[in-house]
Amino acid sequence: MNEPLRPVYLEEKLEEIRSDGHLAYRSKSLPTWCPGCGYFSVSEGVTKALKELHIPTKDVVVVSGIGCASRFPFFLEAYGFHTLHGRTLPVATGVKVANDALTVVAVGGDGDGFAIGGGHISHAARRNVDMTYILMDNGIYGLTKGQTSPTSALGFKTSTTPYENRDQPLRPLMMLLSYGASWVAQAYAGHQHHLKDLIAQAITHKGFSYLHVLSPCVTFDKTNMTYANLDLQVRDLPEDHDSGDLMAALTAANAPTPALGLFYREERPTLTEAMDEVMRAAGGEPRGGLARSA
Amino acid sequence: MDSTDLQIIICGSAGDGTIAAGDILKRAMARAGYKVIAFDLYPAEIRGFGKCVARVRVTTEQVYSLKRRSDVLVSLDDSHAIEHVGEVRDFGAVIFENAPIARLREGRHMSAHVKPGQVPYGLAQREVCERATSSSRSRNIVVLGFLARMYGLPVAAFHEIIADKFKTKAPVVGESNIRAFDAGFEAATAYFKLDDVTLGPPSHVAEGADTVMMTGNGAVVQGCLDAGIGSFFGYPITPATTIMERLAVEMPKAGARLLQTEDEISAIAATIGAGYAGSRAATATSGPGLALMVEMLGLGVMAEVPCVIFVSQRGGPSTGMPTKTEQSDLNLAVFGGAGDAQRIVLAPTNVEGCYRCAGKAFELAEKFQTPVVILLDLYLSNRYETVIFSKDNIFEPNCSKAVEKQDPGQAYQRFQLTDDFVSPRAVPGDVGGMHTVTGLEHNELGRPSDSGEMHTRMSAKRHRKLEGALAHGDLNICKRFGDEGPVDVGILAWGSTFGESLEAMMAAQAEGIRCSAMKVVMLSPLPVDLIAGFLADCKEVLVPELNYEGQLANLVSGQLGRPLSRLNRVTGAPMQVEEILEQVRALAKGRAAA
């Protein structure tokens with residue numbers, strides 16, 4: 001954010017990108033998002049974080065639902081499952097249960113996650129499934145061309161709320177904190193480096209990590225969650241924020257303007273670790289890796 | 001008398017120990033080497049005064065259904081048992097509480113309802129029990145002792161099973177129940193046996209095989225375990241819940257993983273996720289749950305993900321009749337979902353079939369990369385049968401088509417078009433097999449594509465690959481029984497109703513009617529050629545089903561264009577052999593008259 005400004009030379013930039021190594025995590029398909037879409041930052045962040053963490057592409061599974069954000073898996077060089085609208089988390093849970101050696105990343109938008117898929121988030125969070133859920137929130141339905149979403153602001157005019165949205169938007173961070181997610185953070189697509197760092201932390205966290213990404217839709221939202229507005233609104237969490245304090249995290253999440261950073265973090269057994277405990281209690285032997293009966 | 005065919009009904013209120021008595025009876029008889037088939041009816045409510053009925057048929061020859069007429073009725077509560085007295089055959093026995101009649105209102109006592117020709121035995125169940133155990137709680141066990149003395153049932157087997165049943169309780173509980181049994185046995189010495197109910201010696205079991213008594217759901221569990229199930233996801237629903245409950249006990253012992261999800265949608269979603277990741281994955285539900293699952297089932301078809309869905313049908317539509325049996329989810333299982341989404345559907349006809357279909361489902365799902373639905377019904381899920389298992393595991397551990405070594409730099413084609421329409425499959429963790437699957441129509445690489453040509457080719461791939469399932473080894477997808485060659489009447493049946501159909505066929509043959517019966521196990525893809533061959537041999541065809549619409553008849557006549565006679569019942573109870581037999585007789589006669 002505070003890098004000195006200097007001219008960018010095309011050849012130099014391309015060389016830097018090629019030599020970085022994260023392109024190995026990019027698939028040959030070009031993203032279908034609109035130029036300027038916040039999702040480019042997320043896809044860049046995920047590829048760079050995976051490269052930084054040295055996770056082999058063969059061990060990564062990216063699961064998504066339906067929506068602009070859910071096209072994500074096609075643009076990564078990894079295993080991917082583009083599932084049904086709202087069913088990202090249960091499918092991802094199945095993948096992790098089937099093989100706990102895999103790195104599972106679930107991605108989706110605000111409609112996929114909080115409208116049709118809202119019932120699943122609480123259960124993935126409380127079970128502490130060891131996966132990362134990156135929710136790209138643009139406050140609008142983009143793939144169906146501009147309808148209101150559960151996170152749309154009050155007063156937002158969309159094609160299905162032509163006389164302004166009157167429904168109170170959800171507060172995702174507060175929901176996730178009270179659901180029992182063991183890692184909750186917020187990032188902004190306009191702050192790429194910070195976003196990438198948080199993605200890397202989220203993947204490293206053992207348990208259910210929830211990363212909320214404020215990600216403008218440049219095509220269907222000209223008034224609300226725009227880069228211009230968010231640039232002015234977002235701020236870092238206070239230096240002294242205690243990420244081990246749930247009530248402090250809830251208070252920070254309840255602030256009128258969005259704060260960026262790690263809100264909350266705790267260590268507790270994951271779903272598959274709990275299953276291993278069940279196996280020991282039953283007299284069986286946990287083996288890890290691909291689930292099968294002996 | 002060498003061959004035995006004895007059917008006992010025990011009837012009482014919830015809380016009388018009716019089902020428990022039936023359970024001990026069938027286990028003891030199976031332990032003594034008899035073949036047993038048993039089915040219980042109980043109310044949807046756990047407490048209260050709902051009616052409970054346990055029916056147990058004990059035989060030496062293999063039979064396929066319960067009889068309509070029982071040999072013995074045991075009443076633990078006359079207010080419920082009176083309506084079953086008509087089910088007892090002539091010279092059969094009715095055993096009831098010999099309470100002083102003055103205590104009961106007129107007409108409420110069993111003694112007033114026993115039909116001429118039936119033999120009544122009034123037994124002071126309460127009194128005998130109180131004398132032996134200083135409580136009347138074990139009177140259900142007292143009547144078992146009474147039965148044992150009257151019909152020469154194997155006492156040692158009963159003692160073992162009673163001790164076994166109460167072994168988790170304090171020792172005094174088991175001892176007191178054995179005393180109750182012996183007291184009932186002793187009490188019976190004071191009775192003259194006036195009925196003609198008899199029990200012959202048990203049949204002998206071949207070496208190298210295990211005889212086990214289990215329910216259809218129990219057999220499903222055993223099939224899953226023997227096939228190496230890796231993960232299971234489910235949501236409780238009658239009558240499928242016992243599959244998950246049993247697997248929850250057994251899977252962790254084998255190092256496999258089970259999760260109770262938040263709803264049926266997430267149950268199948270996680271099953272498909274696990275199937276995609278390479279685990280042998282399954283879920284179990286009933287009709288209402290399947291209705292929630294069909295969207296995901298379509299994704300399984302489109303993304304070509306192996307997974308297994310057990311569906312135990314109950315009365316429908318909607319919440320319907322949760323504790324009553326029906327066969328009305330055939331349409332949903334075969335056709336449910338958006339678009340052209342053919343999948344494999346199997347419907348076993350007996351408990352052994354449940355075992356075989358459960359294990360084979362994992363093979364089929366993996367081999368053809370598709371969801372496989374196993375259609376059971378409440379009657380089949382809950383009924384007990386003695387089953388002979390071979391000691392060898394009959395299921396293949398891995399049927400997935402492996403990816404051959406690829407040239408470096410060549411992209412892996414998850415949906416490669418091949419001669420048998422099945423593509424080599426890589427799963428997460430495999431080097432070089434990275435790909436993305438999707439519910440969108442896609443090209444061979446798995447990338448979204450909506451070209452007309454690609455949709456045509458991929459649609460053909462998804463349908464034609466299933467043709468191979470019709471030739472899958474060691475699985476009867478369709479089988480004919482009874483008379484060979486041309487027959488007067490053929491019975492075409494599926495699921496649990498096939499048992500009654502087979503009994504009706506044998507009865508018709510005994511009456512001189514040329515008759516055969518065919519069971520259809522694979523409902524999708526339908527073995528059209530085999531069914532057509534059978535129908536060509538039949539002058540008349542009867543399709544008995546426990547649904548209102550005639551769903552199998554519609555399926556078959558839709559594909560073969562042949563008119564079929566239908567017999568549809570939606571009483572919530574299994575089909576009666578006599579009902580089928582009556583129709584067979586009428587069809588045979590109508591034909592003769594014409």
# chains A, B, ... in the order shown; residues from 1 in each chain; ligands from 1

call {"tool": "residues_around", "arguments": {"residues": "region 458-468 of chain B", "least_positions_apart": "6", "cutoff": "7 Å", "atoms": "only C-alpha atoms", "output": "JSON, numbers by chain"}}
result
{"B": [342, 368, 420, 421, 422, 525]}

call {"tool": "interface_residues", "arguments": {"of": "chain A", "to": "chain B", "cutoff": "7 Å", "atoms": "only C-alpha atoms", "output": "ChimeraX atom specification"}}
result
/A:58-59,61,73-74,77-84,87,90-95,97-99,123,275,278-279,282-287,290-294

call {"tool": "residues_around", "arguments": {"residues": "Thr238 (chain B)", "least_positions_apart": "6", "cutoff": "7 Å", "atoms": "only C-alpha atoms", "output": "MDAnalysis selection string"}}
result
chainID B and resid 286 322:323

call {"tool": "residues_around", "arguments": {"residues": "Ile55 (chain A)", "least_positions_apart": "4", "cutoff": "12 Å", "atoms": "only C-alpha atoms", "output": "VMD selection string"}}
result
(chain A and resid 22 24 to 25 46 to 51 59 to 61 77 to 78 101 to 104 200 203 to 204) or (chain B and resid 429)

call {"tool": "residues_around", "arguments": {"residues": "Ala228 (chain A)", "least_positions_apart": "6", "cutoff": "10 Å", "atoms": "only C-alpha atoms", "output": "PyMOL selection string"}}
result
chain A and resi 190+216+222

call {"tool": "residues_around", "arguments": {"residues": "Ala536 (chain B)", "least_positions_apart": "6", "cutoff": "12 Å", "atoms": "only C-alpha atoms", "output": "list in words"}}
result
Gly485, Pro486, Val487, Asp488, Val489, Gly490, Asp529, Leu530, Leu560, Arg562 and Pro563 of chain B

call {"tool": "residues_around", "arguments": {"residues": "Val129 (chain A)", "least_positions_apart": "6", "cutoff": "8 Å", "atoms": "only C-alpha atoms", "output": "list in words"}}
result
Thr93, Lys96, Gly207, Phe208, Thr270, Leu271 and Thr272 of chain A

call {"tool": "select_by_dssp", "arguments": {"residues": "region 3-234 of chain A", "states": "strand (DSSP E)", "output": "PyMOL selection string"}}
result
chain A and resi 60-64+79-82+103-109+132-137+140-141+147-148+183-188+209-214

call {"tool": "atom_distance", "arguments": {"atom1": "CA of Gly512 (chain B)", "atom2": "CA of Glu545 (chain B)"}}
result
24.5 Å

call {"tool": "atom_distance", "arguments": {"atom1": "CA of His205 (chain A)", "atom2": "CA of Pro172 (chain A)"}}
result
19.7 Å

call {"tool": "select_by_dssp", "arguments": {"residues": "region 401-511 of chain B", "states": "helix (DSSP H, G or I)", "output": "ChimeraX atom specification"}}
result
/B:452-471,497-510

call {"tool": "write_last_selection", "arguments": {"atoms": "N, CA and C atoms", "output": "mmCIF file, in the first residue's frame"}}
result
data_model
loop_
_atom_site.group_PDB
_atom_site.id
_atom_site.type_symbol
_atom_site.label_atom_id
_atom_site.label_comp_id
_atom_site.auth_asym_id
_atom_site.auth_seq_id
_atom_site.Cartn_x
_atom_site.Cartn_y
_atom_site.Cartn_z
ATOM 1 N N GLY B 452 -24.004 -27.110 -29.691
ATOM 2 C CA GLY B 452 -25.010 -28.145 -29.951
ATOM 3 C C GLY B 452 -24.375 -29.491 -30.193
ATOM 4 N N GLU B 453 -23.249 -29.482 -30.881
ATOM 5 C CA GLU B 453 -22.588 -30.738 -31.226
ATOM 6 C C GLU B 453 -22.056 -31.408 -29.950
ATOM 7 N N MET B 454 -21.432 -30.589 -29.081
ATOM 8 C CA MET B 454 -20.858 -31.156 -27.863
ATOM 9 C C MET B 454 -21.955 -31.695 -26.959
ATOM 10 N N HIS B 455 -23.068 -30.978 -26.845
ATOM 11 C CA HIS B 455 -24.175 -31.428 -25.999
ATOM 12 C C HIS B 455 -24.737 -32.744 -26.516
ATOM 13 N N THR B 456 -24.816 -32.868 -27.847
ATOM 14 C CA THR B 456 -25.321 -34.102 -28.433
ATOM 15 C C THR B 456 -24.391 -35.267 -28.110
ATOM 16 N N ARG B 457 -23.085 -35.040 -28.272
ATOM 17 C CA ARG B 457 -22.129 -36.126 -28.041
ATOM 18 C C ARG B 457 -22.056 -36.507 -26.569
ATOM 19 N N MET B 458 -22.092 -35.502 -25.705
ATOM 20 C CA MET B 458 -21.985 -35.791 -24.274
ATOM 21 C C MET B 458 -23.262 -36.450 -23.749
ATOM 22 N N SER B 459 -24.431 -36.043 -24.285
ATOM 23 C CA SER B 459 -25.680 -36.684 -23.881
ATOM 24 C C SER B 459 -25.632 -38.167 -24.236
ATOM 25 N N ALA B 460 -25.163 -38.455 -25.456
ATOM 26 C CA ALA B 460 -25.047 -39.849 -25.893
ATOM 27 C C ALA B 460 -24.076 -40.596 -24.983
ATOM 28 N N LYS B 461 -22.968 -39.971 -24.632
ATOM 29 C CA LYS B 461 -21.972 -40.602 -23.762
ATOM 30 C C LYS B 461 -22.600 -40.986 -22.422
ATOM 31 N N ARG B 462 -23.324 -40.037 -21.820
ATOM 32 C CA ARG B 462 -23.873 -40.286 -20.490
ATOM 33 C C ARG B 462 -24.931 -41.383 -20.500
ATOM 34 N N HIS B 463 -25.649 -41.516 -21.612
ATOM 35 C CA HIS B 463 -26.671 -42.562 -21.665
ATOM 36 C C HIS B 463 -26.088 -43.906 -22.086
ATOM 37 N N ARG B 464 -25.240 -43.874 -23.111
ATOM 38 C CA ARG B 464 -24.796 -45.147 -23.687
ATOM 39 C C ARG B 464 -23.798 -45.869 -22.800
ATOM 40 N N LYS B 465 -23.096 -45.132 -21.937
ATOM 41 C CA LYS B 465 -22.162 -45.824 -21.051
ATOM 42 C C LYS B 465 -22.915 -46.767 -20.107
ATOM 43 N N LEU B 466 -24.188 -46.443 -19.830
ATOM 44 C CA LEU B 466 -24.954 -47.263 -18.891
ATOM 45 C C LEU B 466 -25.405 -48.589 -19.493
ATOM 46 N N GLU B 467 -25.337 -48.699 -20.824
ATOM 47 C CA GLU B 467 -25.731 -49.974 -21.439
ATOM 48 C C GLU B 467 -24.889 -51.113 -20.880
ATOM 49 N N GLY B 468 -23.642 -50.807 -20.542
ATOM 50 C CA GLY B 468 -22.760 -51.821 -19.985
ATOM 51 C C GLY B 468 -23.280 -52.384 -18.672
ATOM 52 N N ALA B 469 -24.052 -51.568 -17.938
ATOM 53 C CA ALA B 469 -24.555 -52.003 -16.630
ATOM 54 C C ALA B 469 -25.476 -53.202 -16.761
ATOM 55 N N LEU B 470 -26.129 -53.336 -17.925
ATOM 56 C CA LEU B 470 -27.044 -54.461 -18.143
ATOM 57 C C LEU B 470 -26.292 -55.789 -18.167
ATOM 58 N N ALA B 471 -24.983 -55.719 -18.396
ATOM 59 C CA ALA B 471 -24.195 -56.958 -18.471
ATOM 60 C C ALA B 471 -23.235 -57.085 -17.298
ATOM 61 N N THR B 497 -42.778 -56.735 -3.351
ATOM 62 C CA THR B 497 -43.994 -57.384 -3.847
ATOM 63 C C THR B 497 -43.686 -58.651 -4.634
ATOM 64 N N PHE B 498 -42.436 -58.794 -5.093
ATOM 65 C CA PHE B 498 -42.112 -60.002 -5.844
ATOM 66 C C PHE B 498 -42.258 -61.257 -4.987
ATOM 67 N N GLY B 499 -41.986 -61.159 -3.677
ATOM 68 C CA GLY B 499 -42.129 -62.316 -2.796
ATOM 69 C C GLY B 499 -43.546 -62.873 -2.830
ATOM 70 N N GLU B 500 -44.521 -61.994 -2.675
ATOM 71 C CA GLU B 500 -45.927 -62.410 -2.714
ATOM 72 C C GLU B 500 -46.288 -62.909 -4.108
ATOM 73 N N SER B 501 -45.700 -62.276 -5.138
ATOM 74 C CA SER B 501 -45.985 -62.697 -6.506
ATOM 75 C C SER B 501 -45.516 -64.128 -6.743
ATOM 76 N N LEU B 502 -44.344 -64.450 -6.196
ATOM 77 C CA LEU B 502 -43.791 -65.789 -6.382
ATOM 78 C C LEU B 502 -44.649 -66.827 -5.662
ATOM 79 N N GLU B 503 -45.087 -66.489 -4.443
ATOM 80 C CA GLU B 503 -45.969 -67.406 -3.710
ATOM 81 C C GLU B 503 -47.277 -67.604 -4.466
ATOM 82 N N ALA B 504 -47.814 -66.509 -5.031
ATOM 83 C CA ALA B 504 -49.066 -66.601 -5.788
ATOM 84 C C ALA B 504 -48.864 -67.457 -7.031
ATOM 85 N N MET B 505 -47.695 -67.303 -7.665
ATOM 86 C CA MET B 505 -47.398 -68.090 -8.863
ATOM 87 C C MET B 505 -47.385 -69.582 -8.537
ATOM 88 N N MET B 506 -46.731 -69.928 -7.408
ATOM 89 C CA MET B 506 -46.655 -71.344 -7.036
ATOM 90 C C MET B 506 -48.038 -71.895 -6.709
ATOM 91 N N ALA B 507 -48.856 -71.061 -6.063
ATOM 92 C CA ALA B 507 -50.218 -71.495 -5.744
ATOM 93 C C ALA B 507 -51.020 -71.699 -7.027
ATOM 94 N N ALA B 508 -50.844 -70.814 -8.001
ATOM 95 C CA ALA B 508 -51.570 -70.924 -9.268
ATOM 96 C C ALA B 508 -51.143 -72.180 -10.015
ATOM 97 N N GLN B 509 -49.828 -72.446 -9.995
ATOM 98 C CA GLN B 509 -49.332 -73.658 -10.663
ATOM 99 C C GLN B 509 -49.954 -74.896 -10.033
ATOM 100 N N ALA B 510 -50.089 -74.855 -8.686
ATOM 101 C CA ALA B 510 -50.671 -75.992 -7.984
ATOM 102 C C ALA B 510 -52.125 -76.193 -8.401
#

call {"tool": "closest_residue", "arguments": {"among": "A:Leu177, A:Leu76, A:Ile17, A:Leu170", "to": "Leu246 (chain A)", "atoms": "only C-alpha atoms"}}
result
A:Leu177
